[in-house]
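As stored in model-v2.cif (mmCIF, C-alpha atoms):
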```
data_start
#
loop_
_atom_site.label_atom_id
_atom_site.label_comp_id
_atom_site.auth_asym_id
_atom_site.auth_seq_id
_atom_site.Cartn_x
_atom_site.Cartn_y
_atom_site.Cartn_z
CA MET A 1087 -36.16 31.07 15.96
CA VAL A 1088 -35.88 32.19 12.37
CA VAL A 1089 -32.26 32.83 11.67
CA LYS A 1090 -31.43 35.33 8.99
CA GLU A 1091 -28.43 35.12 6.74
CA GLU A 1092 -26.96 38.24 8.45
CA THR A 1093 -27.22 36.52 11.82
CA TYR A 1094 -25.17 33.59 10.58
CA GLN A 1095 -22.60 36.03 9.21
CA HIS A 1096 -22.55 37.77 12.58
CA ILE A 1097 -22.00 34.50 14.42
CA TRP A 1098 -19.13 33.50 12.13
CA GLU A 1099 -17.60 36.92 12.87
CA LEU A 1100 -17.94 36.35 16.63
CA LEU A 1101 -16.30 32.94 16.44
CA LYS A 1102 -13.36 34.43 14.60
CA ASP A 1103 -12.11 35.89 17.88
CA ILE A 1104 -11.97 32.62 19.82
CA PRO A 1105 -8.36 31.52 20.07
CA ASP A 1106 -7.08 27.97 20.27
CA PRO A 1107 -6.30 27.53 23.99
CA GLU A 1108 -2.94 25.88 23.22
CA ILE A 1109 -1.89 27.96 20.22
CA PRO A 1110 -3.36 31.44 20.75
CA VAL A 1111 -2.19 32.79 17.38
CA LEU A 1112 -4.73 30.54 15.69
CA SER A 1113 -8.47 30.97 16.04
CA ILE A 1114 -10.89 28.07 15.96
CA LEU A 1115 -11.90 29.21 12.47
CA ASP A 1116 -8.28 29.17 11.27
CA LEU A 1117 -8.14 25.56 12.35
CA GLY A 1118 -11.39 24.68 10.61
CA VAL A 1119 -12.84 23.20 13.77
CA VAL A 1120 -16.22 24.87 13.23
CA ARG A 1121 -17.91 23.07 10.32
CA THR A 1122 -21.42 24.46 10.08
CA ILE A 1123 -23.83 26.81 11.80
CA SER A 1124 -27.52 26.02 11.49
CA SER A 1125 -30.72 26.23 13.45
CA GLU A 1126 -33.44 23.86 14.50
CA GLU A 1127 -36.64 24.98 16.22
CA ASN A 1128 -35.46 27.37 18.93
CA LYS A 1129 -31.88 26.33 18.96
CA LEU A 1130 -28.72 27.40 17.23
CA ILE A 1131 -26.60 24.43 16.29
CA ILE A 1132 -22.85 24.78 15.92
CA THR A 1133 -21.25 21.67 14.49
CA ILE A 1134 -17.60 21.18 15.29
CA THR A 1135 -15.07 18.46 14.52
CA PRO A 1136 -12.17 17.37 16.74
CA THR A 1137 -8.62 17.97 15.53
CA TYR A 1138 -7.27 14.84 17.22
CA SER A 1139 -9.67 12.27 18.71
CA GLY A 1140 -8.40 12.84 22.21
CA CYS A 1141 -7.65 16.55 21.87
CA PRO A 1142 -8.21 17.94 25.39
CA ALA A 1143 -8.86 21.40 23.92
CA MET A 1144 -12.21 20.28 22.48
CA ASN A 1145 -14.12 20.83 25.73
CA GLN A 1146 -12.51 24.23 25.97
CA PHE A 1147 -13.65 25.02 22.40
CA GLU A 1148 -17.22 24.10 23.33
CA ASP A 1149 -17.20 26.21 26.49
CA ASP A 1150 -15.61 29.15 24.68
CA ILE A 1151 -18.16 29.07 21.85
CA VAL A 1152 -21.10 28.90 24.25
CA SER A 1153 -19.82 31.70 26.49
CA LYS A 1154 -18.79 33.92 23.57
CA LEU A 1155 -22.28 33.70 22.08
CA LYS A 1156 -23.89 34.19 25.47
CA GLU A 1157 -21.88 37.39 25.99
CA ASN A 1158 -23.40 38.60 22.74
CA GLY A 1159 -26.93 37.77 23.73
CA ILE A 1160 -27.22 34.47 21.89
CA ASP A 1161 -28.55 31.69 24.11
CA ASN A 1162 -29.93 28.27 23.29
CA VAL A 1163 -26.77 27.08 21.61
CA ILE A 1164 -26.19 23.40 21.04
CA ILE A 1165 -22.77 22.07 20.09
CA LYS A 1166 -22.78 18.98 17.91
CA MET A 1167 -19.78 16.84 17.04
CA THR A 1168 -19.08 15.45 13.60
CA TYR A 1169 -16.25 13.15 12.44
CA ASP A 1170 -16.91 13.26 8.73
CA PRO A 1171 -14.99 14.53 6.87
CA PRO A 1172 -12.08 13.92 9.26
CA TRP A 1173 -10.15 17.02 10.25
CA THR A 1174 -7.07 17.79 8.21
CA THR A 1175 -4.29 20.35 8.52
CA ASP A 1176 -4.99 21.19 4.86
CA TRP A 1177 -7.83 23.37 6.22
CA ILE A 1178 -5.33 25.77 7.82
CA ASN A 1179 -4.93 28.61 5.31
CA ASP A 1180 -1.62 30.13 4.20
CA GLU A 1181 -2.09 33.32 6.18
CA ALA A 1182 -2.61 31.32 9.39
CA LYS A 1183 0.41 29.18 8.56
CA LYS A 1184 2.50 32.33 8.30
CA ARG A 1185 1.27 33.40 11.76
CA LEU A 1186 2.22 29.99 13.14
CA GLU A 1187 5.75 30.27 11.78
CA ASP A 1188 6.14 33.82 13.16
CA TYR A 1189 5.00 32.45 16.50
CA GLY A 1190 7.81 29.88 16.44
CA ILE A 1191 5.90 26.77 15.37
CA ALA A 1192 6.79 25.27 11.99
CA PRO A 1193 3.51 25.01 10.03
CA PRO A 1194 2.34 21.72 8.48
CA VAL A 1195 4.05 21.01 5.18
CA LYS A 1196 1.34 20.27 2.66
CA GLY A 1197 1.48 17.19 0.50
CA THR A 1198 4.34 15.51 2.31
CA GLN A 1199 4.76 11.93 3.46
CA ASP A 1200 3.31 12.67 6.88
CA LYS A 1201 0.16 11.04 5.68
CA GLY A 1202 1.98 8.01 4.33
CA ILE A 1203 3.49 5.22 6.29
CA LEU A 1204 6.95 4.39 7.47
CA PHE A 1205 10.38 5.20 6.18
CA LYS A 1206 9.48 7.06 3.06
CA GLU A 1207 11.31 10.25 2.22
CA LYS A 1208 11.44 12.40 5.34
CA VAL A 1209 9.57 15.70 5.49
CA LYS A 1210 11.59 18.85 4.87
CA VAL A 1211 10.58 21.04 7.77
CA ARG A 1212 11.82 24.60 7.85
CA CYS A 1213 13.20 26.00 11.11
CA PRO A 1214 10.90 28.85 12.18
CA GLN A 1215 13.88 30.71 13.65
CA CYS A 1216 16.62 30.71 10.97
CA LYS A 1217 14.56 29.20 8.07
CA SER A 1218 17.09 26.44 7.44
CA THR A 1219 15.69 23.13 6.18
CA ASN A 1220 18.60 21.26 7.73
CA THR A 1221 16.42 19.98 10.56
CA GLU A 1222 15.72 16.64 12.16
CA VAL A 1223 12.96 15.06 14.15
CA ILE A 1224 13.57 14.49 17.87
CA SER A 1225 10.19 12.98 18.66
CA GLN A 1226 7.01 12.26 16.69
CA PHE A 1227 5.07 13.88 19.52
CA GLY A 1228 5.64 17.30 21.04
CA SER A 1229 3.99 19.45 23.67
CA THR A 1230 0.51 18.67 22.29
CA ALA A 1231 -0.93 15.80 20.23
CA CYS A 1232 -0.87 17.94 17.07
CA LYS A 1233 2.84 18.73 17.21
CA ALA A 1234 6.14 16.89 16.74
CA LEU A 1235 9.46 17.96 18.22
CA TYR A 1236 12.25 18.95 15.84
CA LYS A 1237 15.64 20.53 16.11
CA CYS A 1238 17.53 22.74 13.70
CA ASN A 1239 21.04 21.52 12.83
CA ASP A 1240 22.13 25.01 11.79
CA CYS A 1241 20.95 27.33 14.56
CA LEU A 1242 20.67 24.40 16.99
CA GLU A 1243 17.28 25.56 18.31
CA PRO A 1244 14.67 22.93 19.12
CA PHE A 1245 11.19 23.77 17.82
CA ASP A 1246 7.64 22.43 17.51
CA TYR A 1247 6.34 21.26 14.15
CA PHE A 1248 2.58 21.22 13.52
CA LYS A 1249 2.15 17.74 12.03
CA CYS A 1250 0.28 17.06 8.81
CA LEU A 1251 -2.88 15.11 9.44
CA MET B 1454 -28.60 -4.08 16.87
CA LYS B 1455 -27.12 -6.38 19.55
CA ASN B 1456 -24.44 -7.51 17.11
CA LEU B 1457 -23.56 -3.98 16.14
CA PHE B 1458 -23.43 -2.91 19.80
CA LYS B 1459 -21.04 -5.74 20.63
CA TYR B 1460 -18.86 -5.05 17.61
CA ILE B 1461 -18.47 -1.37 18.51
CA LEU B 1462 -17.65 -2.33 22.11
CA ARG B 1463 -14.82 -4.57 20.88
CA LEU B 1464 -13.26 -1.71 18.96
CA ALA B 1465 -13.82 0.73 21.82
CA ASP B 1466 -12.52 -1.61 24.52
CA ASN B 1467 -9.29 -2.34 22.63
CA SER B 1468 -8.57 1.39 22.53
CA LEU B 1469 -9.78 2.11 26.04
CA ILE B 1470 -7.77 -0.62 27.77
CA LEU B 1471 -4.60 -0.10 25.73
CA GLY B 1472 -4.94 3.65 26.26
CA HIS B 1473 -5.29 3.10 29.98
CA ARG B 1474 -2.25 0.81 30.06
CA LEU B 1475 -0.17 3.41 28.24
CA SER B 1476 -1.37 6.21 30.50
CA GLU B 1477 0.11 4.31 33.45
CA ASN B 1478 3.50 5.30 32.03
CA CYS B 1479 2.83 8.99 32.47
CA SER B 1480 6.00 10.43 34.07
CA TRP B 1481 7.69 7.00 33.89
CA GLY B 1482 8.95 7.21 30.29
CA PRO B 1483 12.67 6.51 29.73
CA TYR B 1484 13.18 10.17 28.77
CA LEU B 1485 11.01 13.24 28.40
CA GLU B 1486 10.19 13.02 24.67
CA GLU B 1487 9.29 9.36 24.90
CA ASP B 1488 7.19 10.00 27.98
CA ILE B 1489 5.24 12.54 25.94
CA SER B 1490 4.93 10.14 22.99
CA ILE B 1491 3.51 7.34 25.12
CA THR B 1492 0.96 9.57 26.79
CA ASN B 1493 0.00 11.28 23.51
CA THR B 1494 -0.63 7.86 22.00
CA ALA B 1495 -2.73 7.04 25.07
CA LEU B 1496 -4.67 10.26 24.51
CA ASP B 1497 -5.42 9.37 20.86
CA LEU B 1498 -6.62 5.92 21.92
CA LEU B 1499 -8.81 7.24 24.72
CA GLY B 1500 -10.28 9.78 22.29
CA GLN B 1501 -11.08 7.02 19.80
CA ALA B 1502 -12.59 4.94 22.60
CA GLU B 1503 -14.81 7.85 23.61
CA GLU B 1504 -16.09 8.37 20.05
CA LEU B 1505 -16.88 4.66 19.80
CA LEU B 1506 -18.50 4.41 23.24
CA ILE B 1507 -20.74 7.39 22.48
CA TYR B 1508 -21.86 5.56 19.35
CA ALA B 1509 -22.26 2.25 21.21
CA ALA B 1510 -24.51 3.93 23.77
CA GLU B 1511 -26.57 5.42 20.94
CA VAL B 1512 -26.91 2.05 19.20
CA GLU B 1513 -27.87 0.28 22.43
CA ASN B 1514 -30.49 2.95 23.12
CA GLU B 1515 -31.22 1.88 26.68
CA GLY B 1516 -30.31 5.11 28.40
CA ARG B 1517 -26.70 4.26 29.16
CA THR B 1518 -24.06 6.88 28.36
CA ALA B 1519 -20.49 6.45 27.14
CA ASP B 1520 -19.33 7.00 30.73
CA ASP B 1521 -21.69 4.28 31.99
CA LEU B 1522 -20.20 1.89 29.47
CA ALA B 1523 -16.64 2.73 30.50
CA TYR B 1524 -17.13 2.91 34.25
CA LYS B 1525 -19.92 0.52 35.08
CA ARG B 1526 -19.30 -2.61 33.06
CA PRO B 1527 -17.67 -5.56 34.84
CA GLU B 1528 -14.84 -7.62 33.30
CA ILE B 1529 -17.13 -10.18 31.71
CA GLU B 1530 -18.76 -7.42 29.64
CA TYR B 1531 -15.44 -6.09 28.38
CA TYR B 1532 -14.42 -7.39 24.95
CA ASN B 1533 -10.90 -6.03 24.45
CA VAL B 1534 -8.34 -8.57 23.23
CA GLN B 1535 -6.17 -9.89 26.05
CA LEU B 1536 -3.04 -8.43 24.43
CA THR B 1537 -4.17 -4.89 25.32
CA GLU B 1538 -4.43 -5.65 29.04
CA GLN B 1539 -0.98 -7.26 29.40
CA PRO B 1540 1.21 -5.44 31.92
CA ASN B 1541 3.83 -2.90 30.96
CA GLU B 1542 6.77 -4.96 32.34
CA ASP B 1543 9.53 -2.97 30.62
CA PHE B 1544 9.92 -0.57 27.68
CA ALA B 1545 10.35 -3.47 25.22
CA HIS B 1546 7.04 -5.01 26.29
CA ILE B 1547 5.31 -1.65 25.93
CA GLN B 1548 6.60 -1.15 22.38
CA VAL B 1549 6.08 -4.73 21.19
CA ARG B 1550 2.47 -4.75 22.48
CA GLN B 1551 2.01 -1.37 20.80
CA PHE B 1552 3.52 -2.52 17.52
CA PHE B 1553 1.27 -5.60 17.37
CA MET B 1554 -1.82 -3.48 18.09
CA ASP B 1555 -0.82 -0.57 15.83
CA ALA B 1556 -0.28 -2.90 12.86
CA PHE B 1557 -3.65 -4.55 13.55
CA ASN B 1558 -5.49 -1.22 13.95
CA PHE B 1559 -3.83 0.22 10.87
CA TYR B 1560 -5.17 -2.49 8.56
CA LEU B 1561 -8.46 -2.80 10.43
CA TYR B 1562 -9.30 0.90 10.18
CA SER B 1563 -8.01 1.04 6.58
CA ALA B 1564 -10.73 -1.49 5.78
CA LEU B 1565 -13.40 -0.17 8.17
CA LYS B 1566 -13.26 3.30 6.67
CA ASN B 1567 -15.29 1.75 3.84
CA SER B 1568 -17.82 0.19 6.24
CA SER B 1569 -21.46 0.49 5.22
CA ASP B 1570 -22.10 1.88 8.71
CA THR B 1571 -21.36 5.56 8.16
CA THR B 1572 -20.44 6.34 11.79
CA ILE B 1573 -17.97 3.46 11.98
CA ALA B 1574 -16.58 4.57 8.61
CA ALA B 1575 -16.14 8.18 9.82
CA ILE B 1576 -14.52 7.23 13.13
CA SER B 1577 -12.25 4.76 11.31
CA ALA B 1578 -11.12 7.35 8.76
CA LYS B 1579 -10.26 9.70 11.60
CA SER B 1580 -8.58 7.04 13.74
CA LEU B 1581 -6.55 5.80 10.79
CA LYS B 1582 -4.74 9.13 10.55
CA GLU B 1583 -3.66 8.84 14.18
CA VAL B 1584 -2.86 5.13 14.02
CA THR B 1585 -0.59 5.77 11.03
CA TYR B 1586 1.60 7.86 13.31
CA HIS B 1587 1.47 5.25 16.04
CA LEU B 1588 2.52 2.47 13.68
CA ARG B 1589 5.40 4.47 12.28
CA ARG B 1590 6.68 5.17 15.78
CA SER B 1591 6.33 1.66 17.18
CA SER B 1592 7.87 0.14 14.01
CA GLU B 1593 10.87 2.41 14.36
CA TRP B 1594 11.21 1.38 18.00
CA MET B 1595 11.14 -2.31 17.07
CA ILE B 1596 14.09 -1.68 14.75
CA ARG B 1597 15.99 0.46 17.24
CA LEU B 1598 15.57 -2.08 20.00
CA GLY B 1599 16.22 -5.08 17.76
CA LYS B 1600 19.39 -3.55 16.36
CA GLY B 1601 20.46 -1.82 19.55
CA THR B 1602 22.57 -3.00 22.47
CA SER B 1603 22.84 -6.60 23.60
CA GLU B 1604 20.44 -5.78 26.41
CA SER B 1605 17.81 -4.14 24.17
CA LYS B 1606 18.02 -7.12 21.78
CA GLU B 1607 17.51 -9.55 24.61
CA ARG B 1608 14.58 -7.59 26.03
CA VAL B 1609 12.77 -7.04 22.74
CA ASN B 1610 13.07 -10.70 21.80
CA LYS B 1611 11.82 -11.72 25.21
CA ALA B 1612 8.83 -9.38 24.88
CA VAL B 1613 8.03 -10.77 21.41
CA ASN B 1614 8.18 -14.32 22.79
CA ASN B 1615 6.02 -13.47 25.78
CA LEU B 1616 3.36 -11.59 23.82
CA TRP B 1617 3.17 -13.76 20.70
CA GLN B 1618 0.63 -16.10 22.31
CA PHE B 1619 -1.85 -13.19 22.46
CA THR B 1620 -1.69 -12.26 18.78
CA SER B 1621 -3.92 -14.93 17.24
CA GLU B 1622 -6.86 -13.68 19.29
CA LEU B 1623 -6.79 -10.46 17.25
CA PHE B 1624 -8.19 -12.36 14.27
CA GLU B 1625 -10.82 -14.51 15.94
CA MET B 1626 -14.31 -14.19 14.54
CA ASP B 1627 -17.70 -15.38 15.73
CA GLU B 1628 -21.37 -15.03 14.80
CA VAL B 1629 -21.21 -11.25 15.44
CA ASP B 1630 -18.59 -10.84 12.73
CA GLU B 1631 -20.36 -13.16 10.32
CA ALA B 1632 -23.66 -11.31 10.62
CA LEU B 1633 -22.05 -7.89 10.23
CA ILE B 1634 -19.72 -8.91 7.38
CA SER B 1635 -22.76 -9.92 5.35
CA GLU B 1636 -24.18 -6.43 5.87
CA GLY B 1637 -20.92 -4.80 4.84
CA ILE B 1638 -20.43 -3.31 8.31
CA ALA B 1639 -17.60 -5.48 9.67
CA VAL B 1640 -14.37 -6.65 8.09
CA ASP B 1641 -13.24 -10.22 7.44
CA LEU B 1642 -10.33 -10.56 9.87
CA ASN B 1643 -8.74 -13.32 7.77
CA GLU B 1644 -7.83 -10.61 5.29
CA ILE B 1645 -6.45 -8.37 8.03
CA LYS B 1646 -4.43 -11.31 9.37
CA LYS B 1647 -2.56 -11.71 6.11
CA LEU B 1648 -1.68 -8.01 5.93
CA TRP B 1649 -0.70 -7.99 9.62
CA ASN B 1650 1.54 -11.02 9.15
CA ASP B 1651 3.30 -9.44 6.18
CA LYS B 1652 3.94 -6.23 8.11
CA VAL B 1653 5.21 -8.06 11.20
CA THR B 1654 7.49 -10.24 9.05
CA GLU B 1655 8.84 -7.17 7.24
CA ILE B 1656 9.61 -5.25 10.46
CA PHE B 1657 11.02 -8.33 12.23
CA GLU B 1658 13.41 -8.85 9.32
CA MET B 1659 14.52 -5.22 9.45
CA ALA B 1660 14.93 -5.49 13.23
CA ASN B 1661 16.72 -8.88 13.22
CA ILE B 1662 14.00 -10.29 15.45
CA SER B 1663 13.10 -13.93 14.95
CA LYS B 1664 9.44 -14.80 14.67
CA PRO B 1665 8.35 -17.19 17.42
CA GLU B 1666 6.85 -20.59 16.64
CA ASP B 1667 3.12 -20.74 17.22
CA GLY B 1668 2.38 -22.46 20.51
CA TYR B 1669 -0.27 -21.83 23.15
CA LYS B 1670 -2.88 -19.38 21.90
CA ALA B 1671 -4.75 -17.14 24.30
CA THR B 1672 -8.46 -16.91 23.66
CA GLY B 1673 -11.70 -15.87 25.33
CA SER B 1674 -12.08 -12.10 25.07
CA ARG B 1675 -14.90 -12.42 22.54
CA LYS B 1676 -16.89 -13.97 25.40
CA GLY B 1677 -15.59 -11.56 28.03
CA TYR B 1678 -12.93 -13.92 29.43
CA HIS B 1679 -9.71 -12.18 30.39
CA THR B 1680 -6.34 -12.63 32.00
CA GLU B 1681 -6.05 -11.65 35.67
CA TYR B 1682 -4.77 -8.18 34.72
CA LEU B 1683 -8.00 -6.64 33.43
CA GLY B 1684 -9.64 -6.72 36.86
CA TYR B 1685 -6.88 -4.59 38.32
CA ILE B 1686 -7.15 -2.08 35.47
CA LEU B 1687 -10.92 -1.77 35.93
CA ALA B 1688 -10.58 -1.55 39.71
CA GLU B 1689 -8.38 1.49 39.33
CA MET B 1690 -10.25 3.03 36.40
CA GLN B 1691 -13.72 2.54 37.86
CA TYR B 1692 -13.00 3.24 41.52
CA LEU B 1693 -13.96 6.90 41.58
CA PRO B 1694 -17.28 6.76 39.68
CA ARG B 1695 -18.31 3.64 41.61
CA ALA B 1696 -17.41 5.11 45.01
CA TYR B 1697 -18.84 8.54 44.21
CA PRO B 1698 -21.57 7.96 41.62
CA THR B 1699 -22.73 11.56 41.66
CA ALA B 1700 -19.26 13.09 41.29
CA LYS B 1701 -18.97 15.60 38.42
CA TRP B 1702 -15.94 17.23 36.84
#
```
Target format structure tokens, applied to this file:
Amino acid sequence: MVVKEETYQHIWELLKDIPDPEIPVLSILDLGVVRTISSEENKLIITITPTYSGCPAMNQFEDDIVSKLKENGIDNVIIKMTYDPPWTTDWINDEAKKRLEDYGIAPPVKGTQDKGILFKEKVKVRCPQCKSTNTEVISQFGSTACKALYKCNDCLEPFDYFKCL
Amino acid sequence: MKNLFKYILRLADNSLILGHRLSENCSWGPYLEEDISITNTALDLLGQAEELLIYAAEVENEGRTADDLAYKRPEIEYYNVQLTEQPNEDFAHIQVRQFFMDAFNFYLYSALKNSSDTTIAAISAKSLKEVTYHLRRSSEWMIRLGKGTSESKERVNKAVNNLWQFTSELFEMDEVDEALISEGIAVDLNEIKKLWNDKVTEIFEMANISKPEDGYKATGSRKGYHTEYLGYILAEMQYLPRAYPTAKW
């Protein structure tokens, strides 16, 4: 199969519509899960990277990619997994972060101590409801591996925070 | 390749067995958020174990898959340190075991991300991000328990005293390590030991926990020798694929 540049463009466009099964306002492209699209002999190779090592959504991503392409007449798809470079929340663009916040999940705060270790200055996370930064962490882990649980001390709402990784 | 295979299995088995132990707490956490934390940590560890077992199967190149390695190896072919298989007992034991392993994994993966083996380096760089969270959480729990109520102090100190005998095994090395260190693949665990000791001392001081005297030291996992607990873990974990070898998800 000779794959033309337009075909790759077309495939990227198709993948744009696949939502994250846990956070439907983000697509798998917003998350940066799809790394490369290439071809080898008769096969199309989509290389993806896991968000978290044990992320249970990864199998869903694979199934969704394969069935989406199949619907559009593209068979012979192979999904490959890569770990390098490791996934980072820095790949989520500003527009997607805005959508996350509107959805009620505080987006990852770039360049904060999340990546560091222990007891450094705490992250200032903004409440997605009232936008106050007077918030505190309830638990390092929330409803999924990629989120932490916070609460707002002003509007008193609990909310999910998409952790920096 | 035999050395590399064994080395990857050690890393994988530590994560797999500890992950399994933690997953036993699912729905038994002291409160909802902590229940979620314990199981999310288990999920990270099982994910890391899967990545490593896939690579181990590839390195072995004898037709076994990651699932074969997880579900069809007997105890004697498991190389996890005995600390990871110790029973949950109470919340203090869970967190102390976790803190000892998190601190070890943190420094180990910090070093292994520069391994000359590019797959080990990539998996380590990824795991390190997750382990950083784990270490922060278990360190904070050590301090909360150590500075908490009279009961939490008593329990956390008891757990430290019970589990201390299993910590020296973390740093044992044999001919596998020596061969791989010379190739730049493995890490000299003497260096990790120093960093681990400093971290444990620092957190113990913050938590008012006294460091136990060295006494009996558990050993044997490098050769596949384990405490009685691993057999029960494997019996539960391997039951389904052994009883129904053709079962598929």
Selection result of the PyMOL selection byres ((chain A) within 10 of (chain B)) on this file, as number ranges by chain: A: 1136-1142, 1167-1174, 1200-1205, 1224-1232, 1234-1235, 1249-1251
Taking the file above as input, evaluate the PyMOL selection byres ((chain A and resi 1186-1192) around 8) and report the hits as a JSON list (two decimals) with C-alpha atoms, in the frame of the given file.
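Final output, saved to result36.json:
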```json
[["chain", "number", "residue", "atom", "x", "y", "z"],
["A", 1111, "VAL", "CA", -2.19, 32.79, 17.38],
["A", 1112, "LEU", "CA", -4.73, 30.54, 15.69],
["A", 1182, "ALA", "CA", -2.61, 31.32, 9.39],
["A", 1183, "LYS", "CA", 0.41, 29.18, 8.56],
["A", 1184, "LYS", "CA", 2.50, 32.33, 8.30],
["A", 1185, "ARG", "CA", 1.27, 33.40, 11.76],
["A", 1193, "PRO", "CA", 3.51, 25.01, 10.03],
["A", 1194, "PRO", "CA", 2.34, 21.72, 8.48],
["A", 1211, "VAL", "CA", 10.58, 21.04, 7.77],
["A", 1212, "ARG", "CA", 11.82, 24.60, 7.85],
["A", 1213, "CYS", "CA", 13.20, 26.00, 11.11],
["A", 1214, "PRO", "CA", 10.90, 28.85, 12.18],
["A", 1215, "GLN", "CA", 13.88, 30.71, 13.65],
["A", 1245, "PHE", "CA", 11.19, 23.77, 17.82],
["A", 1246, "ASP", "CA", 7.64, 22.43, 17.51],
["A", 1247, "TYR", "CA", 6.34, 21.26, 14.15],
["A", 1248, "PHE", "CA", 2.58, 21.22, 13.52]]
```
Contact residues around Lys1166 in chain A with only C-alpha atoms at 9 Å, ignoring same-chain residues under 3 positions, as a ChimeraX atom specification: /A:1131-1135
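At a cut-off of 12 Å from (-11.8, 36.6, 23.0), the residue set is Glu1099, Leu1100, Leu1101, Lys1102, Asp1103, Ile1104, Pro1105, Asp1106, Pro1107, Pro1110, Val1111, Leu1112, Ser1113, Ile1114, Phe1147, Asp1150, Ile1151, Ser1153, Lys1154, Leu1155, Glu1157 and Asn1158 of chain A (counting all atoms listed in the file).
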Long-range neighbours of Ile1645 in chain B as a PyMOL selection string, 8 Å cut-off, only C-alpha atoms, 6 positions minimum in chain: chain B and resi 1557+1560-1561+1624
Residues returned when the PyMOL selection byres ((chain B and resi 1462-1466) around 6) runs on this file, as a PyMOL selection string: chain B and resi 1459-1461+1467-1470+1502+1505+1532-1533
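Checking B:Ala1519, B:Asn1567, B:Leu1475, B:Tyr1524 one by one against Glu1689 in chain B, counting only C-alpha atoms, you find the shortest gap at B:Tyr1524.
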Contacts of Tyr1669 in chain B at 12 Å (all atoms listed in the file; same-chain gap of 3+ positions) as an MDAnalysis selection string: chainID B and resid 1614:1622 1665:1666 1672
Point-to-point distance from CA of Gly1472 in chain B to CA of Val1640 in chain B, Å rounded to tenths: 22.9 Å
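From CA of Glu1181 in chain A back to CA of His1096 in chain A, the distance works out to 21.9 Å.
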Residues near Ser1591 in chain B, cut-off 10 Å, all atoms listed in the file, skip fewer than 2 positions along chain, as a PyMOL selection string: chain B and resi 1547-1556+1586-1589+1593-1597
